[in-house]
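J.: Below are the structure tokens for one structure; questions will follow.
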Amino acid sequence: MKTIILFALSMPLLCFVGYAQETETNEDERKVSAYILPEVLLTNSGEIVNTKKAWENVRRPEIVSLFEQHIYGKTPAAKLPVRVVVNTVDQQALNGRAVRKQITLYFSDKDKPKMDILLYLPVGERKPVPVFLALNFEGNHSIHADPGITLSERWMRYDQVRGITGHRATEASRGARAERWPVEEMLARGYGLATVYQGDIELDRRDRSPDDIHALFPKPGPDDWGSIAAWAWGLSRAMDYLVTDKQVDAGKVAVMGHSRLGKAALWAAALDQRFAMTISNNSGEGGASLYRRNFGERVADLTRAVPYWFCKNFIKYSGRENDLPVDAHALIALLAPRPVYVASAVEDTWADPKGEFLAAFHAGPVYKLYNLAGLESDQFPEAGQDAGKGVVGYHLRKGDHELTRVDWWYFLNFADRHFKTRKTKAFSK
Ligand code: GCU
């Protein structure tokens with residue numbers, strides 16, 4: 001009798017302890033549990049694909065739909081009628097170094113939702129140029145002190161920092177994030193930069209705004225798209241504009257993103273194969289890092305703090321990462337055969353640098369189907385090494401969770417290599 005009572009009393013405790021361990025955040029490499037990654041080339045019906053054709057026609061669509069169903073949600077297929085307004089073109093911006101264009105895309109017959117694209121192009125180029133396309137966290141005006149950039153009027157997630165007051169940008173916000181965007185160096189090397197404030201597409205907050213893009217699409221279901229998918233959708237709409245701009249080489253647009261916006265960049269390029277290159281910077285859990293490695297951020301952390309980034313089904317995997325039918329290596333594999341670059345930082349343990357590296361490594365079998373080299377080794381590199389000489393690139397930078405000039409130095413070199421861009425001068429690490 002005594003035994004039975006004790007057993008009955010201890011049950012909930014055991015369950016609770018079990019659950020806590022499964023969702024607990026670990027930053028000790030020795031405590032990483034063993035895991036088995038789902039085979040990227042094994043179809044849902046149990047066959048191995050070993051040709052490009054079978055990958056493209058069978059396995060690739062299966063993986064896309066698994067990510068839609070369980071992680072990011074399904075992006076609506078309906079096309080919105082987009083009104084494009086080129087607001088300003090300055091041929092002599094940044095002291096004569098840049099052409100600056102500001103373009104607004106309106107997604108209905110009202111004046112919202114709308115998305116402002118800031119595009120810098122190098123002056124004096126006769127041919128169309130390759131362009132980096134990236135979302136930003138605090139408005140287009142935050143990326144450069146250029147007084148010609150329109151100040152964003154939208155709500156900003158962060159407050160009382162970098163000139164933001166009452167969640168709105170002020171003149172003091174101009175260039176507040178400039179250290180993340182070495183625009184002059186990109187221009188000097190023959191690249192353009194297109195950027196959009198993430199909040200123009202969808203505000204980064206739990207309660208959705210009527211000005212968010214979500215408002216234009218029908219009612220949600222359990223696999224309704226979350227904010228990451230919405231931001232990815234916005235990147236594709238920016239691409240719709242870029243392909244029409246004669247000064248842009250539409251075959252050489254690299255989609256780039258830092259952190260949560262790195263997650264969005266990866267998903268954007270998975271869905272939209274017009275992006276010729278993808279760059280993920282410190283994108284971590286829900287982006288480039290392996291869910292199954294219990295190191296750094298876990299699914300439970302995401303579903304607790306930012307459930308709205310994902311579809312509702314994702315919550316089922318809190319503490320149960322091993323049950324996910326896909327892992328981050330499969331997301332990176334969706335980018336094949338296009339060049340992809342994954343960047344981590346030593347102190348960014350929350351994003352699990354090693355998990356980001358291993359996901360990039362395990363995308364290799366799909367690149368191999370195209371006779372392309374992925375990462376050569378699964379040995380986690382030292383900080384400061386350029387680990388990827390192939391179509392999959394990787395670096396581990398010293399320092400913390402950030403997007404820095406050093407990261408751009410690697411990205412530009414990678415882009416030079418794969419876009420065969422002629423200008424390689426200037427800009428040392
Ligand atoms: C949080 C979040 C991460 C995310 C990061 C960022 O740390 O937990 O998943 O990548 O914010 O976007 O800066």
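Identifiers for the structure tokens are assigned positionally: chains receive A, B, ... in sequence, residues are indexed from 1 per chain, and ligands are indexed from 1 in the order shown.
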Can you pull out every residue within 10 Å of Ala250 in chain A, counting only C-alpha atoms, but drop anything in the same chain fewer than 6 positions away, and send it as a PyMOL selection string?

T.: chain A and resi 128-131+239-244+274-276

J.: For the residues selected in the previous step, produce a file with all heavy atoms as a JSON list (two decimals), in the first residue's frame.

T.:
[["chain", "number", "residue", "atom", "x", "y", "z"],
["A", 128, "PRO", "N", 24.50, 46.14, -65.07],
["A", 128, "PRO", "CA", 23.71, 45.89, -63.85],
["A", 128, "PRO", "C", 24.60, 45.27, -62.76],
["A", 128, "PRO", "O", 25.52, 44.51, -63.07],
["A", 128, "PRO", "CB", 22.65, 44.88, -64.29],
["A", 128, "PRO", "CG", 22.63, 44.94, -65.78],
["A", 128, "PRO", "CD", 23.97, 45.41, -66.24],
["A", 129, "VAL", "N", 24.33, 45.61, -61.51],
["A", 129, "VAL", "CA", 25.22, 45.16, -60.42],
["A", 129, "VAL", "C", 24.56, 44.12, -59.52],
["A", 129, "VAL", "O", 23.33, 44.09, -59.37],
["A", 129, "VAL", "CB", 25.68, 46.35, -59.53],
["A", 129, "VAL", "CG1", 26.53, 47.33, -60.32],
["A", 129, "VAL", "CG2", 24.49, 47.04, -58.89],
["A", 130, "PRO", "N", 25.39, 43.26, -58.88],
["A", 130, "PRO", "CA", 24.83, 42.34, -57.87],
["A", 130, "PRO", "C", 24.38, 43.13, -56.64],
["A", 130, "PRO", "O", 24.95, 44.19, -56.33],
["A", 130, "PRO", "CB", 26.01, 41.44, -57.53],
["A", 130, "PRO", "CG", 27.24, 42.16, -57.97],
["A", 130, "PRO", "CD", 26.84, 43.08, -59.08],
["A", 131, "VAL", "N", 23.39, 42.62, -55.96],
["A", 131, "VAL", "CA", 22.81, 43.36, -54.83],
["A", 131, "VAL", "C", 22.62, 42.44, -53.63],
["A", 131, "VAL", "O", 22.22, 41.29, -53.78],
["A", 131, "VAL", "CB", 21.45, 43.98, -55.27],
["A", 131, "VAL", "CG1", 20.64, 44.48, -54.08],
["A", 131, "VAL", "CG2", 21.67, 45.13, -56.25],
["A", 239, "MET", "N", 12.12, 41.47, -54.03],
["A", 239, "MET", "CA", 12.75, 40.85, -55.21],
["A", 239, "MET", "C", 11.91, 41.13, -56.46],
["A", 239, "MET", "O", 12.46, 41.38, -57.54],
["A", 239, "MET", "CB", 12.90, 39.35, -54.97],
["A", 239, "MET", "CG", 13.62, 38.62, -56.07],
["A", 239, "MET", "SD", 15.37, 39.16, -56.18],
["A", 239, "MET", "CE", 15.93, 38.11, -57.51],
["A", 240, "ASP", "N", 10.59, 41.11, -56.33],
["A", 240, "ASP", "CA", 9.72, 41.43, -57.48],
["A", 240, "ASP", "C", 10.09, 42.80, -58.04],
["A", 240, "ASP", "O", 10.07, 43.01, -59.25],
["A", 240, "ASP", "CB", 8.23, 41.49, -57.08],
["A", 240, "ASP", "CG", 7.67, 40.15, -56.65],
["A", 240, "ASP", "OD1", 8.30, 39.11, -56.93],
["A", 240, "ASP", "OD2", 6.58, 40.16, -56.02],
["A", 241, "TYR", "N", 10.39, 43.73, -57.13],
["A", 241, "TYR", "CA", 10.82, 45.04, -57.63],
["A", 241, "TYR", "C", 12.22, 44.95, -58.25],
["A", 241, "TYR", "O", 12.44, 45.47, -59.36],
["A", 241, "TYR", "CB", 10.80, 46.12, -56.52],
["A", 241, "TYR", "CG", 11.55, 47.33, -57.03],
["A", 241, "TYR", "CD1", 10.97, 48.19, -57.96],
["A", 241, "TYR", "CD2", 12.89, 47.54, -56.69],
["A", 241, "TYR", "CE1", 11.68, 49.23, -58.52],
["A", 241, "TYR", "CE2", 13.62, 48.58, -57.25],
["A", 241, "TYR", "CZ", 13.02, 49.42, -58.17],
["A", 241, "TYR", "OH", 13.73, 50.43, -58.76],
["A", 242, "LEU", "N", 13.15, 44.31, -57.55],
["A", 242, "LEU", "CA", 14.55, 44.30, -58.02],
["A", 242, "LEU", "C", 14.67, 43.73, -59.43],
["A", 242, "LEU", "O", 15.48, 44.22, -60.23],
["A", 242, "LEU", "CB", 15.45, 43.52, -57.04],
["A", 242, "LEU", "CG", 15.64, 44.18, -55.67],
["A", 242, "LEU", "CD1", 16.46, 43.27, -54.75],
["A", 242, "LEU", "CD2", 16.32, 45.55, -55.78],
["A", 243, "VAL", "N", 13.86, 42.72, -59.75],
["A", 243, "VAL", "CA", 13.98, 42.14, -61.10],
["A", 243, "VAL", "C", 13.54, 43.13, -62.19],
["A", 243, "VAL", "O", 13.87, 42.95, -63.35],
["A", 243, "VAL", "CB", 13.22, 40.80, -61.28],
["A", 243, "VAL", "CG1", 13.73, 39.74, -60.32],
["A", 243, "VAL", "CG2", 11.72, 40.96, -61.12],
["A", 244, "THR", "N", 12.84, 44.17, -61.79],
["A", 244, "THR", "CA", 12.39, 45.15, -62.80],
["A", 244, "THR", "C", 13.37, 46.32, -62.93],
["A", 244, "THR", "O", 13.22, 47.16, -63.82],
["A", 244, "THR", "CB", 11.01, 45.75, -62.43],
["A", 244, "THR", "OG1", 11.17, 46.55, -61.23],
["A", 244, "THR", "CG2", 9.96, 44.68, -62.21],
["A", 274, "ARG", "N", 14.58, 32.52, -56.96],
["A", 274, "ARG", "CA", 15.22, 33.64, -57.66],
["A", 274, "ARG", "C", 16.41, 34.18, -56.88],
["A", 274, "ARG", "O", 17.28, 34.82, -57.44],
["A", 274, "ARG", "CB", 14.21, 34.77, -57.91],
["A", 274, "ARG", "CG", 13.09, 34.40, -58.85],
["A", 274, "ARG", "CD", 12.06, 35.53, -58.92],
["A", 274, "ARG", "NE", 11.47, 35.82, -57.63],
["A", 274, "ARG", "CZ", 10.65, 36.83, -57.38],
["A", 274, "ARG", "NH1", 10.33, 37.68, -58.35],
["A", 274, "ARG", "NH2", 10.14, 37.03, -56.18],
["A", 275, "PHE", "N", 16.43, 33.95, -55.56],
["A", 275, "PHE", "CA", 17.59, 34.42, -54.78],
["A", 275, "PHE", "C", 18.79, 33.54, -55.13],
["A", 275, "PHE", "O", 18.76, 32.33, -54.91],
["A", 275, "PHE", "CB", 17.29, 34.37, -53.28],
["A", 275, "PHE", "CG", 16.23, 35.35, -52.87],
["A", 275, "PHE", "CD1", 15.03, 34.93, -52.33],
["A", 275, "PHE", "CD2", 16.44, 36.72, -53.05],
["A", 275, "PHE", "CE1", 14.05, 35.86, -51.97],
["A", 275, "PHE", "CE2", 15.46, 37.65, -52.69],
["A", 275, "PHE", "CZ", 14.27, 37.22, -52.15],
["A", 276, "ALA", "N", 19.82, 34.16, -55.65],
["A", 276, "ALA", "CA", 20.96, 33.39, -56.16],
["A", 276, "ALA", "C", 21.93, 32.99, -55.06],
["A", 276, "ALA", "O", 22.77, 32.13, -55.27],
["A", 276, "ALA", "CB", 21.69, 34.22, -57.21]]

J.: Determine which residues of range 176-368 of chain A DSSP labels as strand (DSSP E or B) from the backbone of this structure, then write them out as an NGL selection string.

T.: :A and (192-197 or 224 or 248-258 or 277-281 or 296 or 340-345)

J.: Contacts between ligand 1 and chain A, please, where a residue of chain A counts if it comes within 10 Å (with only C-alpha atoms and all ligand atoms); show its shortest atom pair and distance in Å to one decimal, rows by chain and ascending number, as CSV.

T.:
residue,atom,partner,partner_atom_place_in_ligand_line,distance
A:Phe137,CA,ligand 1,12 (O),8.8
A:Gly257,CA,ligand 1,12 (O),9.6
A:His258,CA,ligand 1,12 (O),7.0
A:Ser259,CA,ligand 1,10 (O),3.9
A:Arg260,CA,ligand 1,12 (O),3.6
A:Leu261,CA,ligand 1,12 (O),6.5
A:Gly262,CA,ligand 1,10 (O),7.7
A:Lys263,CA,ligand 1,10 (O),7.4
A:Asn281,CA,ligand 1,10 (O),9.4
A:Asn282,CA,ligand 1,10 (O),7.0
A:Ser283,CA,ligand 1,10 (O),5.3
A:Gly284,CA,ligand 1,10 (O),5.7
A:Glu285,CA,ligand 1,9 (O),5.6
A:Gly286,CA,ligand 1,9 (O),6.7
A:Gly287,CA,ligand 1,10 (O),7.8
A:Gly296,CA,ligand 1,8 (O),9.5
A:Glu297,CA,ligand 1,8 (O),6.5
A:Arg298,CA,ligand 1,8 (O),8.7
A:Val299,CA,ligand 1,9 (O),9.3
A:Asp301,CA,ligand 1,8 (O),6.8
A:Leu302,CA,ligand 1,8 (O),6.1
A:Thr303,CA,ligand 1,8 (O),9.7
A:Arg304,CA,ligand 1,8 (O),9.7
A:Ala305,CA,ligand 1,8 (O),7.4
A:Val306,CA,ligand 1,8 (O),7.8
A:Trp309,CA,ligand 1,9 (O),9.6
A:Asp348,CA,ligand 1,7 (O),9.6
A:Trp350,CA,ligand 1,7 (O),7.0
A:Ala351,CA,ligand 1,10 (O),6.9
A:His401,CA,ligand 1,13 (O),7.6
A:Glu402,CA,ligand 1,13 (O),8.3

J.: Interatomic distance between CA of Thr51 in chain A and CA of Leu266 in chain A?

T.: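 Between these atoms lies a distance of 23.6 Å.
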
J.: Counting only C-alpha atoms, figure out which residue out of A:Ala270, A:Pro307, A:Val49, A:Met156 gets nearest to Arg206 in chain A.

T.: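 Closest to Arg206 in chain A of all the choices is A:Pro307.
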
J.: Find the residue from A:Pro113, A:Gly393, A:Gly226, A:Gly251 that sits nearest to Trp267 in chain A; use only C-alpha atoms when measuring.

T.: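 Of all the options, A:Gly226 lies closest to Trp267 in chain A.
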
J.: Env of range 196-199 of chain A: 9 Å cut, atoms = only C-alpha atoms, seq-sep filter 4 positions within chain, self excluded. Answer as a VMD selection string.

T.: chain A and resid 115 to 118 133 to 140 152 154 to 157 203 to 204 212 231 234 to 235 238 261

J.: Would you put the residues from that selection into a file with N, CA, C and O atoms, as an mmCIF file, in the first residue's frame?

T.:
data_model
loop_
_atom_site.group_PDB
_atom_site.id
_atom_site.type_symbol
_atom_site.label_atom_id
_atom_site.label_comp_id
_atom_site.auth_asym_id
_atom_site.auth_seq_id
_atom_site.Cartn_x
_atom_site.Cartn_y
_atom_site.Cartn_z
ATOM 1 N N MET A 115 5.386 48.944 -48.029
ATOM 2 C CA MET A 115 6.755 48.565 -47.698
ATOM 3 C C MET A 115 7.707 49.505 -48.423
ATOM 4 O O MET A 115 7.576 49.677 -49.642
ATOM 5 N N ASP A 116 8.603 50.140 -47.687
ATOM 6 C CA ASP A 116 9.570 51.063 -48.301
ATOM 7 C C ASP A 116 10.885 50.349 -48.559
ATOM 8 O O ASP A 116 11.489 49.815 -47.624
ATOM 9 N N ILE A 117 11.310 50.373 -49.792
ATOM 10 C CA ILE A 117 12.618 49.777 -50.124
ATOM 11 C C ILE A 117 13.624 50.910 -50.288
ATOM 12 O O ILE A 117 13.366 51.871 -51.013
ATOM 13 N N LEU A 118 14.750 50.782 -49.584
ATOM 14 C CA LEU A 118 15.865 51.710 -49.791
ATOM 15 C C LEU A 118 16.903 50.958 -50.615
ATOM 16 O O LEU A 118 17.299 49.846 -50.248
ATOM 17 N N LEU A 133 20.259 41.914 -50.499
ATOM 18 C CA LEU A 133 18.935 42.322 -50.033
ATOM 19 C C LEU A 133 18.778 41.834 -48.592
ATOM 20 O O LEU A 133 18.980 40.648 -48.313
ATOM 21 N N ALA A 134 18.444 42.755 -47.688
ATOM 22 C CA ALA A 134 18.346 42.379 -46.274
ATOM 23 C C ALA A 134 17.274 43.196 -45.574
ATOM 24 O O ALA A 134 17.107 44.383 -45.868
ATOM 25 N N LEU A 135 16.583 42.570 -44.659
ATOM 26 C CA LEU A 135 15.663 43.325 -43.804
ATOM 27 C C LEU A 135 16.472 43.966 -42.688
ATOM 28 O O LEU A 135 17.548 43.481 -42.328
ATOM 29 N N ASN A 136 15.954 45.062 -42.139
ATOM 30 C CA ASN A 136 16.617 45.682 -40.981
ATOM 31 C C ASN A 136 15.642 45.765 -39.810
ATOM 32 O O ASN A 136 14.427 45.663 -39.992
ATOM 33 N N PHE A 137 16.183 45.954 -38.604
ATOM 34 C CA PHE A 137 15.400 45.900 -37.362
ATOM 35 C C PHE A 137 14.775 47.232 -36.963
ATOM 36 O O PHE A 137 13.857 47.261 -36.177
ATOM 37 N N GLU A 138 15.344 48.359 -37.423
ATOM 38 C CA GLU A 138 14.916 49.642 -36.839
ATOM 39 C C GLU A 138 14.662 50.733 -37.870
ATOM 40 O O GLU A 138 14.822 51.921 -37.586
ATOM 41 N N GLY A 139 14.280 50.331 -39.062
ATOM 42 C CA GLY A 139 13.942 51.333 -40.074
ATOM 43 C C GLY A 139 15.096 51.592 -41.023
ATOM 44 O O GLY A 139 16.272 51.535 -40.634
ATOM 45 N N ASN A 140 14.763 51.906 -42.278
ATOM 46 C CA ASN A 140 15.804 52.127 -43.297
ATOM 47 C C ASN A 140 16.758 53.250 -42.900
ATOM 48 O O ASN A 140 17.956 53.197 -43.174
ATOM 49 N N SER A 152 11.374 56.297 -40.818
ATOM 50 C CA SER A 152 10.220 55.397 -40.676
ATOM 51 C C SER A 152 9.251 55.944 -39.631
ATOM 52 O O SER A 152 9.668 56.446 -38.586
ATOM 53 N N ARG A 154 6.770 53.916 -38.502
ATOM 54 C CA ARG A 154 6.115 52.753 -37.905
ATOM 55 C C ARG A 154 6.596 52.467 -36.479
ATOM 56 O O ARG A 154 7.636 52.937 -36.048
ATOM 57 N N TRP A 155 5.827 51.645 -35.797
ATOM 58 C CA TRP A 155 6.174 51.196 -34.441
ATOM 59 C C TRP A 155 7.486 50.408 -34.490
ATOM 60 O O TRP A 155 7.722 49.650 -35.422
ATOM 61 N N MET A 156 8.341 50.624 -33.486
ATOM 62 C CA MET A 156 9.608 49.894 -33.396
ATOM 63 C C MET A 156 9.559 49.028 -32.137
ATOM 64 O O MET A 156 9.073 49.475 -31.096
ATOM 65 N N ARG A 157 10.096 47.842 -32.215
ATOM 66 C CA ARG A 157 10.050 46.914 -31.077
ATOM 67 C C ARG A 157 10.811 47.461 -29.865
ATOM 68 O O ARG A 157 10.367 47.379 -28.730
ATOM 69 N N LEU A 203 4.826 43.839 -37.822
ATOM 70 C CA LEU A 203 5.492 44.280 -36.601
ATOM 71 C C LEU A 203 5.966 43.059 -35.819
ATOM 72 O O LEU A 203 5.338 42.005 -35.865
ATOM 73 N N ASP A 204 7.080 43.236 -35.119
ATOM 74 C CA ASP A 204 7.647 42.137 -34.350
ATOM 75 C C ASP A 204 7.019 42.133 -32.963
ATOM 76 O O ASP A 204 7.640 42.523 -31.974
ATOM 77 N N ASP A 212 -0.364 45.104 -40.643
ATOM 78 C CA ASP A 212 0.499 43.975 -40.999
ATOM 79 C C ASP A 212 -0.042 43.288 -42.242
ATOM 80 O O ASP A 212 -1.245 43.277 -42.478
ATOM 81 N N TRP A 231 7.887 37.846 -43.055
ATOM 82 C CA TRP A 231 9.078 38.633 -43.430
ATOM 83 C C TRP A 231 9.707 38.057 -44.699
ATOM 84 O O TRP A 231 10.151 38.815 -45.577
ATOM 85 N N GLY A 234 7.884 39.243 -47.613
ATOM 86 C CA GLY A 234 8.272 40.626 -47.929
ATOM 87 C C GLY A 234 9.563 40.664 -48.741
ATOM 88 O O GLY A 234 9.704 41.486 -49.665
ATOM 89 N N LEU A 235 10.498 39.769 -48.409
ATOM 90 C CA LEU A 235 11.754 39.730 -49.174
ATOM 91 C C LEU A 235 11.471 39.376 -50.637
ATOM 92 O O LEU A 235 12.082 39.931 -51.560
ATOM 93 N N ALA A 238 10.182 42.404 -52.381
ATOM 94 C CA ALA A 238 11.283 43.321 -52.715
ATOM 95 C C ALA A 238 11.992 42.797 -53.963
ATOM 96 O O ALA A 238 12.380 43.567 -54.850
ATOM 97 N N LEU A 261 16.119 37.791 -38.477
ATOM 98 C CA LEU A 261 15.976 38.138 -39.895
ATOM 99 C C LEU A 261 16.828 37.210 -40.765
ATOM 100 O O LEU A 261 16.599 37.091 -41.967
#

J.: Which is closest to Tyr341 in chain A among A:Arg59, A:His144, A:Lys52, A:His395, if we use only C-alpha atoms?

T.: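 So, comparing all the options, the nearest one is A:His395.
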
J.: Report the residues of range 265-381 of chain A whose backbone DSSP state falls under alpha helix (DSSP H), written as a VMD selection string.

T.: chain A and resid 265 to 271 299 to 305 328 to 333 353 to 362 364 to 369

J.: Within 12 Å of Ala373 in chain A, counting only C-alpha atoms, which residues qualify if same-chain residues fewer than 2 places away don't, as a list in words?

T.: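 Final neighbour list, sorted by chain and number: Ala336, Pro337, Arg338, Pro339, Val340, Ala360, Phe361, His362, Ala363, Gly364, Pro365, Val366, Tyr367, Lys368, Leu369, Tyr370, Asn371, Leu375, Glu376, Ser377, Gly388, Lys389, Gly390, Val391, Val392 and Gly393 of chain A.
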
J.: So that I can check the surroundings of Asn44 in chain A, please list as an NGL selection string every protein, DNA and RNA residue that reaches within 12 Å of it, counting only C-alpha atoms and ignoring chain neighbours fewer than 4 positions away.

T.: :A and (38-40 or 48-49 or 58-63 or 65-66 or 325-326)

J.: Can you pull out every residue within 12 Å of Lys79 in chain A, counting only C-alpha atoms, but drop anything in the same chain fewer than 5 positions away, and send it as number ranges by chain?

T.: A: 107-108, 216-217, 233, 236-237, 240

J.: Output the selection as a PDB file, in the first residue's frame - N, CA and C atoms for each residue.

T.:
ATOM      1  N   PHE A 107       0.218  47.300 -50.979  1.00  0.00           N
ATOM      2  CA  PHE A 107      -0.353  45.974 -51.199  1.00  0.00           C
ATOM      3  C   PHE A 107      -1.881  45.941 -51.256  1.00  0.00           C
ATOM      4  N   SER A 108      -2.493  47.126 -51.274  1.00  0.00           N
ATOM      5  CA  SER A 108      -3.956  47.168 -51.438  1.00  0.00           C
ATOM      6  C   SER A 108      -4.258  48.532 -52.038  1.00  0.00           C
ATOM      7  N   LEU A 216      -4.257  41.082 -44.675  1.00  0.00           N
ATOM      8  CA  LEU A 216      -4.815  40.987 -46.031  1.00  0.00           C
ATOM      9  C   LEU A 216      -5.140  39.554 -46.448  1.00  0.00           C
ATOM     10  N   PHE A 217      -4.853  38.597 -45.561  1.00  0.00           N
ATOM     11  CA  PHE A 217      -5.096  37.203 -45.932  1.00  0.00           C
ATOM     12  C   PHE A 217      -6.125  36.569 -44.990  1.00  0.00           C
ATOM     13  N   TRP A 233       8.136  36.535 -47.047  1.00  0.00           N
ATOM     14  CA  TRP A 233       7.227  36.960 -48.126  1.00  0.00           C
ATOM     15  C   TRP A 233       7.610  38.378 -48.574  1.00  0.00           C
ATOM     16  N   SER A 236      10.528  38.474 -50.839  1.00  0.00           N
ATOM     17  CA  SER A 236      10.174  38.119 -52.222  1.00  0.00           C
ATOM     18  C   SER A 236       9.491  39.276 -52.951  1.00  0.00           C
ATOM     19  N   ARG A 237       8.727  40.082 -52.216  1.00  0.00           N
ATOM     20  CA  ARG A 237       8.098  41.242 -52.876  1.00  0.00           C
ATOM     21  C   ARG A 237       9.177  42.286 -53.234  1.00  0.00           C
ATOM     22  N   ASP A 240      10.585  41.114 -56.327  1.00  0.00           N
ATOM     23  CA  ASP A 240       9.718  41.427 -57.483  1.00  0.00           C
ATOM     24  C   ASP A 240      10.091  42.795 -58.042  1.00  0.00           C
TER      25      ASP A 240
END

J.: Name the closest residue to Lys114 in chain A among the candidates A:Ala387, A:Ala178, A:Ile201, A:Val89; distances are taken between atoms, counting only C-alpha atoms.

T.: A:Ile201
